[in-house]
Amino acid sequence: MTGLFDAFHRRINYMRISVTDRCNLRCIYCTVQSMPHLSHDDILRYEEIHRVVQVAAGLGVRSIRLTGGEPLVRPDLSKLVELLSPVDSIEEISLTTNGTMLDKYAAELKAAGLKRVNISLDTLKPDRFQRITGSDKLKDVLSGIEAAKRAQLNPVKINMVVLRGINDDELLDLARLSLSDGWHVRFIEYMPFVRSAAEANRLVAIGEIMAVIQGTLGELRPCWPKSGNGPAKYYQLPNATGTIGFIGAITDCFCADCNRFRLTADGRLRPCLLEDDEVDIKEPLRRGASIEELQQLIQEAATLKREQHRLGEEPISGKRQMWQIGG
């Protein structure tokens, strides 16, 4: 059996790469407390990321997703895409972004070889957007969505983290956009990193979200995803050209099918978003490690993957926040 596998025989063919820990928003579910950012020298250079991807591709990684922080705050991101696009066996490079800078860069990224984007959008209301993100950039996000469509970074997927009492009254508004505008909307369960009654109460389960949508807009019929390698389950409303996806890390755990690992901006291979296990690859890179040594480190990271995360069962240690990992 060739390829990269973990201890539970799951094939690992997808790597998420955080290119920066910086962001121009401060979303309430991402930034739990103020922490210092990495220095310039701490962050992997584009050439170093390219080297890791070459080695990972040789082990069976086929899909790359660039994340942050907000990846577009790092200068010349299209140059990284240009470096990664010709790597043998890499079939797709995608991007997760908050969309605020996408209007400026969408066409450039497409020309460099980017295939598609996921854009975070938790509300359609300007005042609520300010509350959730600490910013008034809702118009910029909407412009970024249109720019991505013009650049044919398709399918453009819109991610909404559902928060009880904050934006859960907009479920139908977002779902309707799969009917009226052909949007590919994905509803994501909130992941409470801090154990408290207030945090737990923010969680709106996927089953509840689906019931709200079906109760008003009609039956959700399962469908194949337009593209992608993630854990979402996709549906369509009657007569919709867009889709509705659901990601339920808590109530619909997808660990059994997990096919990914992460490379943090400071050069740590992280097997799971919700565990603190990490393998340092930056130090070996910078001392000139061989391909074989780098392969061994990637294989070690895969072996460290646990069978299932423990979020919802016990407190998460939280050495890193979401913006430091590249969620």
# chains A, B, ... in the order shown; residues from 1 in each chain; ligands from 1
>>> select_by_dssp(residues="segment 76-228 of chain A", states="alpha helix (DSSP H)", output="compact mmCIF listing (two decimals) with N, CA and C atoms, in the first residue's frame")
# COMPACT_ATOMS: atom_id res chain seq x y z
N LEU A 77 1.28 36.84 -2.17
CA LEU A 77 0.83 35.46 -2.02
C LEU A 77 0.77 34.73 -3.36
N SER A 78 0.50 35.48 -4.43
CA SER A 78 0.44 34.85 -5.75
C SER A 78 1.78 34.22 -6.14
N LYS A 79 2.88 34.76 -5.61
CA LYS A 79 4.19 34.16 -5.90
C LYS A 79 4.31 32.77 -5.29
N LEU A 80 3.73 32.58 -4.12
CA LEU A 80 3.71 31.24 -3.54
C LEU A 80 2.87 30.30 -4.39
N VAL A 81 1.71 30.77 -4.84
CA VAL A 81 0.86 29.94 -5.70
C VAL A 81 1.61 29.56 -6.96
N GLU A 82 2.36 30.49 -7.53
CA GLU A 82 3.15 30.20 -8.73
C GLU A 82 4.22 29.14 -8.46
N LEU A 83 4.80 29.17 -7.27
CA LEU A 83 5.80 28.18 -6.90
C LEU A 83 5.19 26.78 -6.76
N LEU A 84 3.99 26.74 -6.17
CA LEU A 84 3.37 25.46 -5.86
C LEU A 84 2.65 24.82 -7.05
N LEU A 102 -9.95 40.28 -1.34
CA LEU A 102 -10.03 39.41 -2.51
C LEU A 102 -10.36 40.18 -3.79
N ASP A 103 -11.08 41.28 -3.67
CA ASP A 103 -11.39 42.08 -4.85
C ASP A 103 -10.11 42.52 -5.57
N LYS A 104 -9.08 42.79 -4.79
CA LYS A 104 -7.80 43.26 -5.34
C LYS A 104 -6.99 42.12 -5.95
N TYR A 105 -7.08 40.92 -5.37
CA TYR A 105 -6.13 39.87 -5.72
C TYR A 105 -6.73 38.67 -6.46
N ALA A 106 -8.03 38.59 -6.61
CA ALA A 106 -8.65 37.38 -7.17
C ALA A 106 -8.11 37.03 -8.55
N ALA A 107 -8.08 37.98 -9.46
CA ALA A 107 -7.63 37.71 -10.83
C ALA A 107 -6.16 37.30 -10.85
N GLU A 108 -5.35 37.97 -10.05
CA GLU A 108 -3.92 37.67 -9.97
C GLU A 108 -3.68 36.25 -9.45
N LEU A 109 -4.43 35.87 -8.44
CA LEU A 109 -4.30 34.53 -7.86
C LEU A 109 -4.72 33.45 -8.86
N LYS A 110 -5.80 33.72 -9.58
CA LYS A 110 -6.26 32.78 -10.60
C LYS A 110 -5.19 32.58 -11.66
N ALA A 111 -4.59 33.67 -12.12
CA ALA A 111 -3.55 33.59 -13.14
C ALA A 111 -2.33 32.80 -12.64
N ALA A 112 -2.09 32.87 -11.33
CA ALA A 112 -0.94 32.17 -10.74
C ALA A 112 -1.18 30.68 -10.60
N PRO A 126 -24.54 44.75 8.36
CA PRO A 126 -23.33 45.53 8.66
C PRO A 126 -23.05 45.70 10.16
N ASP A 127 -24.08 46.00 10.94
CA ASP A 127 -23.84 46.20 12.38
C ASP A 127 -23.43 44.90 13.05
N ARG A 128 -24.00 43.80 12.63
CA ARG A 128 -23.65 42.50 13.20
C ARG A 128 -22.25 42.07 12.73
N PHE A 129 -21.91 42.39 11.50
CA PHE A 129 -20.57 42.10 11.01
C PHE A 129 -19.53 42.80 11.88
N GLN A 130 -19.83 44.04 12.25
CA GLN A 130 -18.93 44.79 13.13
C GLN A 130 -18.79 44.10 14.48
N ARG A 131 -19.89 43.60 15.00
CA ARG A 131 -19.86 42.92 16.30
C ARG A 131 -19.04 41.63 16.24
N ILE A 132 -19.21 40.85 15.17
CA ILE A 132 -18.55 39.56 15.08
C ILE A 132 -17.07 39.69 14.74
N THR A 133 -16.73 40.63 13.85
CA THR A 133 -15.36 40.71 13.32
C THR A 133 -14.56 41.89 13.85
N LEU A 138 -17.81 44.64 5.64
CA LEU A 138 -18.77 43.74 4.99
C LEU A 138 -18.84 44.00 3.49
N LYS A 139 -18.87 45.27 3.08
CA LYS A 139 -18.94 45.58 1.65
C LYS A 139 -17.72 45.03 0.91
N ASP A 140 -16.56 45.06 1.56
CA ASP A 140 -15.36 44.53 0.94
C ASP A 140 -15.47 43.02 0.72
N VAL A 141 -16.06 42.33 1.70
CA VAL A 141 -16.24 40.88 1.56
C VAL A 141 -17.19 40.57 0.41
N LEU A 142 -18.28 41.27 0.33
CA LEU A 142 -19.23 41.04 -0.75
C LEU A 142 -18.61 41.35 -2.12
N SER A 143 -17.79 42.38 -2.18
CA SER A 143 -17.06 42.68 -3.42
C SER A 143 -16.07 41.57 -3.74
N GLY A 144 -15.44 41.02 -2.70
CA GLY A 144 -14.50 39.93 -2.90
C GLY A 144 -15.17 38.69 -3.45
N ILE A 145 -16.38 38.40 -2.98
CA ILE A 145 -17.14 37.25 -3.49
C ILE A 145 -17.40 37.41 -4.98
N GLU A 146 -17.82 38.60 -5.38
CA GLU A 146 -18.09 38.84 -6.80
C GLU A 146 -16.81 38.77 -7.62
N ALA A 147 -15.71 39.27 -7.07
CA ALA A 147 -14.43 39.21 -7.79
C ALA A 147 -13.99 37.77 -7.98
N ALA A 148 -14.20 36.93 -6.98
CA ALA A 148 -13.84 35.52 -7.09
C ALA A 148 -14.66 34.84 -8.18
N LYS A 149 -15.93 35.18 -8.26
CA LYS A 149 -16.78 34.61 -9.30
C LYS A 149 -16.32 35.07 -10.68
N ARG A 150 -15.98 36.36 -10.82
CA ARG A 150 -15.51 36.87 -12.11
C ARG A 150 -14.22 36.17 -12.53
N LEU A 171 -30.02 32.09 9.22
CA LEU A 171 -29.85 30.83 8.50
C LEU A 171 -30.62 30.81 7.18
N LEU A 172 -31.85 31.24 7.23
CA LEU A 172 -32.67 31.22 6.02
C LEU A 172 -32.17 32.22 4.99
N ASP A 173 -31.69 33.36 5.45
CA ASP A 173 -31.18 34.38 4.52
C ASP A 173 -29.99 33.83 3.72
N LEU A 174 -29.08 33.14 4.40
CA LEU A 174 -27.92 32.56 3.70
C LEU A 174 -28.35 31.40 2.83
N ALA A 175 -29.23 30.54 3.35
CA ALA A 175 -29.67 29.37 2.58
C ALA A 175 -30.38 29.80 1.30
N ARG A 176 -31.17 30.86 1.37
CA ARG A 176 -31.91 31.33 0.18
C ARG A 176 -30.96 31.75 -0.94
N LEU A 177 -29.75 32.15 -0.60
CA LEU A 177 -28.80 32.57 -1.63
C LEU A 177 -28.36 31.40 -2.50
N SER A 178 -28.54 30.17 -2.04
CA SER A 178 -28.28 29.02 -2.90
C SER A 178 -29.36 28.88 -3.97
N LEU A 179 -30.51 29.49 -3.71
CA LEU A 179 -31.62 29.49 -4.66
C LEU A 179 -31.56 30.70 -5.59
N SER A 180 -31.42 31.88 -5.01
CA SER A 180 -31.52 33.11 -5.80
C SER A 180 -30.24 33.46 -6.54
N ALA A 197 -20.50 27.45 30.38
CA ALA A 197 -21.91 27.38 29.96
C ALA A 197 -22.17 28.35 28.82
N ALA A 198 -21.57 29.53 28.90
CA ALA A 198 -21.77 30.54 27.85
C ALA A 198 -21.26 30.04 26.50
N GLU A 199 -20.08 29.43 26.51
CA GLU A 199 -19.51 28.92 25.26
C GLU A 199 -20.35 27.77 24.72
N ALA A 200 -20.74 26.85 25.57
CA ALA A 200 -21.53 25.71 25.14
C ALA A 200 -22.87 26.15 24.55
N ASN A 201 -23.45 27.19 25.11
CA ASN A 201 -24.75 27.67 24.65
C ASN A 201 -24.69 28.32 23.27
N ILE A 206 -25.91 20.86 13.90
CA ILE A 206 -26.23 20.73 12.48
C ILE A 206 -27.67 20.26 12.28
N GLY A 207 -28.12 19.31 13.09
CA GLY A 207 -29.50 18.83 12.96
C GLY A 207 -30.51 19.94 13.14
N GLU A 208 -30.25 20.84 14.07
CA GLU A 208 -31.14 21.97 14.30
C GLU A 208 -31.12 22.93 13.11
N ILE A 209 -29.94 23.18 12.56
CA ILE A 209 -29.82 24.06 11.40
C ILE A 209 -30.59 23.50 10.22
N MET A 210 -30.44 22.20 9.98
CA MET A 210 -31.14 21.57 8.86
C MET A 210 -32.65 21.63 9.05
N ALA A 211 -33.10 21.45 10.28
CA ALA A 211 -34.54 21.49 10.55
C ALA A 211 -35.12 22.86 10.27
N VAL A 212 -34.39 23.91 10.63
CA VAL A 212 -34.86 25.28 10.35
C VAL A 212 -35.00 25.50 8.85
N ILE A 213 -33.99 25.09 8.10
CA ILE A 213 -34.01 25.31 6.65
C ILE A 213 -35.12 24.50 5.99
N GLN A 214 -35.23 23.23 6.35
CA GLN A 214 -36.25 22.39 5.71
C GLN A 214 -37.66 22.79 6.11
N GLY A 215 -37.79 23.33 7.31
CA GLY A 215 -39.12 23.74 7.76
C GLY A 215 -39.70 24.88 6.97
N THR A 216 -38.85 25.67 6.30
CA THR A 216 -39.33 26.83 5.55
C THR A 216 -39.06 26.72 4.05
N LEU A 217 -37.89 26.21 3.67
CA LEU A 217 -37.47 26.29 2.26
C LEU A 217 -37.64 24.98 1.50
>>> residues_around(residues="segment 284-291 of chain A", least_positions_apart="4", cutoff="10 Å", atoms="only C-alpha atoms", output="PyMOL selection string")
chain A and resi 44+48-49+51-52+54-56+58+267+280+295-297
>>> closest_residue(among="A:Asp181, A:Asp169, A:Asp122, A:Asp21", to="Gly242 of chain A", atoms="only C-alpha atoms")
A:Asp181
>>> atom_distance(atom1="atom CA of Asp257 of chain A", atom2="atom CA of Thr97 of chain A")
24.2 Å
>>> residues_around(residues="Cys223 of chain A", least_positions_apart="3", cutoff="8 Å", atoms="only C-alpha atoms", output="list in words")
Tyr234, Tyr235 and Gln236 of chain A
>>> write_last_selection(atoms="N, CA and C atoms", output="PDB file, in the first residue's frame")
ATOM      1  N   TYR A 234     -23.096  17.700   1.618  1.00  0.00           N
ATOM      2  CA  TYR A 234     -23.752  18.674   0.751  1.00  0.00           C
ATOM      3  C   TYR A 234     -25.183  18.260   0.389  1.00  0.00           C
ATOM      4  N   TYR A 235     -26.019  19.303   0.259  1.00  0.00           N
ATOM      5  CA  TYR A 235     -27.427  19.139  -0.083  1.00  0.00           C
ATOM      6  C   TYR A 235     -27.836  20.258  -1.034  1.00  0.00           C
ATOM      7  N   GLN A 236     -28.992  20.047  -1.662  1.00  0.00           N
ATOM      8  CA  GLN A 236     -29.603  21.095  -2.479  1.00  0.00           C
ATOM      9  C   GLN A 236     -31.072  21.217  -2.151  1.00  0.00           C
TER      10      GLN A 236
END
>>> select_by_dssp(residues="segment 106-190 of chain A", states="strand (DSSP E or B)", output="VMD selection string")
chain A and resid 116 to 120 157 to 163 184 to 189
>>> write_last_selection(atoms="C-alpha atoms", output="JSON list (two decimals), in the first residue's frame")
[["chain", "number", "residue", "atom", "x", "y", "z"],
["A", 116, "ARG", "CA", -10.91, 28.03, -5.90],
["A", 117, "VAL", "CA", -11.67, 29.88, -2.66],
["A", 118, "ASN", "CA", -13.64, 29.51, 0.55],
["A", 119, "ILE", "CA", -14.79, 32.82, 2.00],
["A", 120, "SER", "CA", -15.88, 33.43, 5.59],
["A", 157, "LYS", "CA", -17.86, 28.51, -1.11],
["A", 158, "ILE", "CA", -19.24, 30.74, 1.64],
["A", 159, "ASN", "CA", -18.58, 29.62, 5.22],
["A", 160, "MET", "CA", -20.87, 30.71, 8.07],
["A", 161, "VAL", "CA", -20.01, 29.82, 11.66],
["A", 162, "VAL", "CA", -23.41, 29.64, 13.35],
["A", 163, "LEU", "CA", -23.57, 31.27, 16.81],
["A", 184, "HIS", "CA", -22.51, 27.42, -2.26],
["A", 185, "VAL", "CA", -23.18, 28.07, 1.42],
["A", 186, "ARG", "CA", -21.71, 25.99, 4.24],
["A", 187, "PHE", "CA", -22.94, 26.11, 7.81],
["A", 188, "ILE", "CA", -20.28, 25.29, 10.39],
["A", 189, "GLU", "CA", -20.85, 24.29, 13.99]]
>>> atom_distance(atom1="atom CA of Phe246 of chain A", atom2="atom CA of Tyr190 of chain A")
11.7 Å
>>> residues_around(residues="Ile298 of chain A", least_positions_apart="3", cutoff="9 Å", atoms="only C-alpha atoms", output="list in words")
Leu4, Val52, Val55, Ala56, Leu59, Leu269, Val279, Ile281, Glu293, Leu294, Gln295, Ala301, Ala302 and Thr303 of chain A
>>> closest_residue(among="A:Cys258, A:Met191, A:Asp276, A:Val87", to="Arg11 of chain A", atoms="only C-alpha atoms")
A:Cys258
>>> atom_distance(atom1="atom CA of Ala205 of chain A", atom2="atom CA of Cys23 of chain A")
27.7 Å
>>> residues_around(residues="segment 66-70 of chain A", least_positions_apart="3", cutoff="10 Å", atoms="only C-alpha atoms", output="ChimeraX atom specification")
/A:15-26,30,73-74,77,80-81,93-101,114,117-118,262-265,322-327
>>> write_last_selection(atoms="N, CA and C atoms", output="tab-separated table (two decimals), in the first residue's frame")
chain	number	residue	atom	x	y	z
A	15	MET	N	-3.13	18.81	2.61
A	15	MET	CA	-2.36	19.61	3.57
A	15	MET	C	-2.85	21.06	3.56
A	16	ARG	N	-3.14	21.55	4.75
A	16	ARG	CA	-3.50	22.95	4.93
A	16	ARG	C	-2.25	23.69	5.41
A	17	ILE	N	-1.95	24.80	4.75
A	17	ILE	CA	-0.73	25.54	5.02
A	17	ILE	C	-1.07	26.95	5.47
A	18	SER	N	-0.72	27.27	6.70
A	18	SER	CA	-0.89	28.63	7.20
A	18	SER	C	0.33	29.45	6.78
A	19	VAL	N	0.10	30.54	6.08
A	19	VAL	CA	1.22	31.36	5.60
A	19	VAL	C	1.50	32.55	6.52
A	20	THR	N	0.61	32.81	7.47
A	20	THR	CA	0.79	33.90	8.41
A	20	THR	C	-0.13	33.70	9.61
A	21	ASP	N	0.27	34.26	10.74
A	21	ASP	CA	-0.62	34.23	11.92
A	21	ASP	C	-1.31	35.57	12.10
A	22	ARG	N	-1.16	36.46	11.13
A	22	ARG	CA	-1.76	37.79	11.23
A	22	ARG	C	-3.09	37.85	10.48
A	23	CYS	N	-3.97	38.73	10.95
A	23	CYS	CA	-5.28	38.89	10.32
A	23	CYS	C	-5.73	40.33	10.49
A	24	ASN	N	-6.53	40.81	9.53
A	24	ASN	CA	-7.05	42.17	9.61
A	24	ASN	C	-8.44	42.22	10.23
A	25	LEU	N	-8.93	41.07	10.74
A	25	LEU	CA	-10.18	41.03	11.51
A	25	LEU	C	-9.88	40.40	12.87
A	26	ARG	N	-10.83	40.55	13.79
A	26	ARG	CA	-10.70	39.92	15.11
A	26	ARG	C	-12.04	39.24	15.45
A	30	CYS	N	-12.54	33.24	16.98
A	30	CYS	CA	-11.18	32.91	16.56
A	30	CYS	C	-10.14	33.46	17.52
A	73	VAL	N	-2.99	38.96	3.82
A	73	VAL	CA	-2.21	40.05	4.42
A	73	VAL	C	-0.72	39.81	4.24
A	74	ARG	N	-0.32	38.57	3.86
A	74	ARG	CA	1.09	38.32	3.57
A	74	ARG	C	1.38	38.79	2.15
A	77	LEU	N	1.28	36.84	-2.17
A	77	LEU	CA	0.83	35.46	-2.02
A	77	LEU	C	0.77	34.73	-3.36
A	80	LEU	N	3.73	32.58	-4.12
A	80	LEU	CA	3.71	31.24	-3.54
A	80	LEU	C	2.87	30.30	-4.39
A	81	VAL	N	1.71	30.77	-4.84
A	81	VAL	CA	0.86	29.94	-5.70
A	81	VAL	C	1.61	29.56	-6.96
A	93	ILE	N	-4.81	23.69	-5.73
A	93	ILE	CA	-4.42	24.66	-4.72
A	93	ILE	C	-5.62	25.58	-4.49
A	94	SER	N	-6.06	25.66	-3.25
A	94	SER	CA	-7.21	26.49	-2.91
A	94	SER	C	-6.84	27.43	-1.77
A	95	LEU	N	-7.76	28.30	-1.42
A	95	LEU	CA	-7.49	29.37	-0.46
A	95	LEU	C	-8.70	29.56	0.45
A	96	THR	N	-8.44	29.70	1.75
A	96	THR	CA	-9.47	30.14	2.68
A	96	THR	C	-9.15	31.57	3.09
A	97	THR	N	-10.13	32.46	2.98
A	97	THR	CA	-9.91	33.88	3.21
A	97	THR	C	-11.14	34.52	3.82
A	98	ASN	N	-10.94	35.65	4.49
A	98	ASN	CA	-12.11	36.40	4.97
A	98	ASN	C	-12.69	37.28	3.87
A	99	GLY	N	-12.03	37.34	2.73
A	99	GLY	CA	-12.59	38.02	1.56
A	99	GLY	C	-12.40	39.51	1.49
A	100	THR	N	-11.88	40.13	2.54
A	100	THR	CA	-11.80	41.58	2.57
A	100	THR	C	-10.83	42.15	1.54
A	101	MET	N	-9.85	41.36	1.11
A	101	MET	CA	-8.85	41.83	0.16
A	101	MET	C	-8.94	41.10	-1.18
A	114	LEU	N	-4.25	29.41	-8.73
A	114	LEU	CA	-5.23	29.07	-7.69
A	114	LEU	C	-6.50	28.55	-8.35
A	117	VAL	N	-11.76	29.21	-3.96
A	117	VAL	CA	-11.67	29.88	-2.66
A	117	VAL	C	-12.85	29.51	-1.78
A	118	ASN	N	-12.60	29.52	-0.47
A	118	ASN	CA	-13.64	29.51	0.55
A	118	ASN	C	-13.59	30.86	1.25
A	262	ARG	N	-1.70	19.70	8.97
A	262	ARG	CA	-1.48	21.13	8.82
A	262	ARG	C	-0.01	21.49	8.95
A	263	LEU	N	0.38	22.54	8.24
A	263	LEU	CA	1.68	23.15	8.40
A	263	LEU	C	1.45	24.55	8.91
A	264	THR	N	1.92	24.85	10.13
A	264	THR	CA	1.70	26.17	10.71
A	264	THR	C	2.67	27.17	10.11
A	265	ALA	N	2.37	28.44	10.30
A	265	ALA	CA	3.20	29.49	9.72
A	265	ALA	C	4.62	29.44	10.23
A	322	MET	N	-6.97	29.69	17.13
A	322	MET	CA	-7.30	29.31	15.76
A	322	MET	C	-6.46	30.06	14.74
A	323	TRP	N	-6.24	31.36	14.96
A	323	TRP	CA	-5.50	32.13	13.99
A	323	TRP	C	-4.02	31.75	13.94
A	324	GLN	N	-3.55	31.03	14.95
A	324	GLN	CA	-2.16	30.59	14.96
A	324	GLN	C	-1.98	29.24	14.29
A	325	ILE	N	-3.08	28.52	14.07
A	325	ILE	CA	-3.02	27.17	13.54
A	325	ILE	C	-3.28	27.14	12.06
A	326	GLY	N	-4.21	27.98	11.61
A	326	GLY	CA	-4.67	27.90	10.23
A	326	GLY	C	-5.85	26.98	10.12
A	327	GLY	N	-6.92	27.29	10.90
A	327	GLY	CA	-8.07	26.40	11.01
A	327	GLY	C	-8.74	26.12	9.69
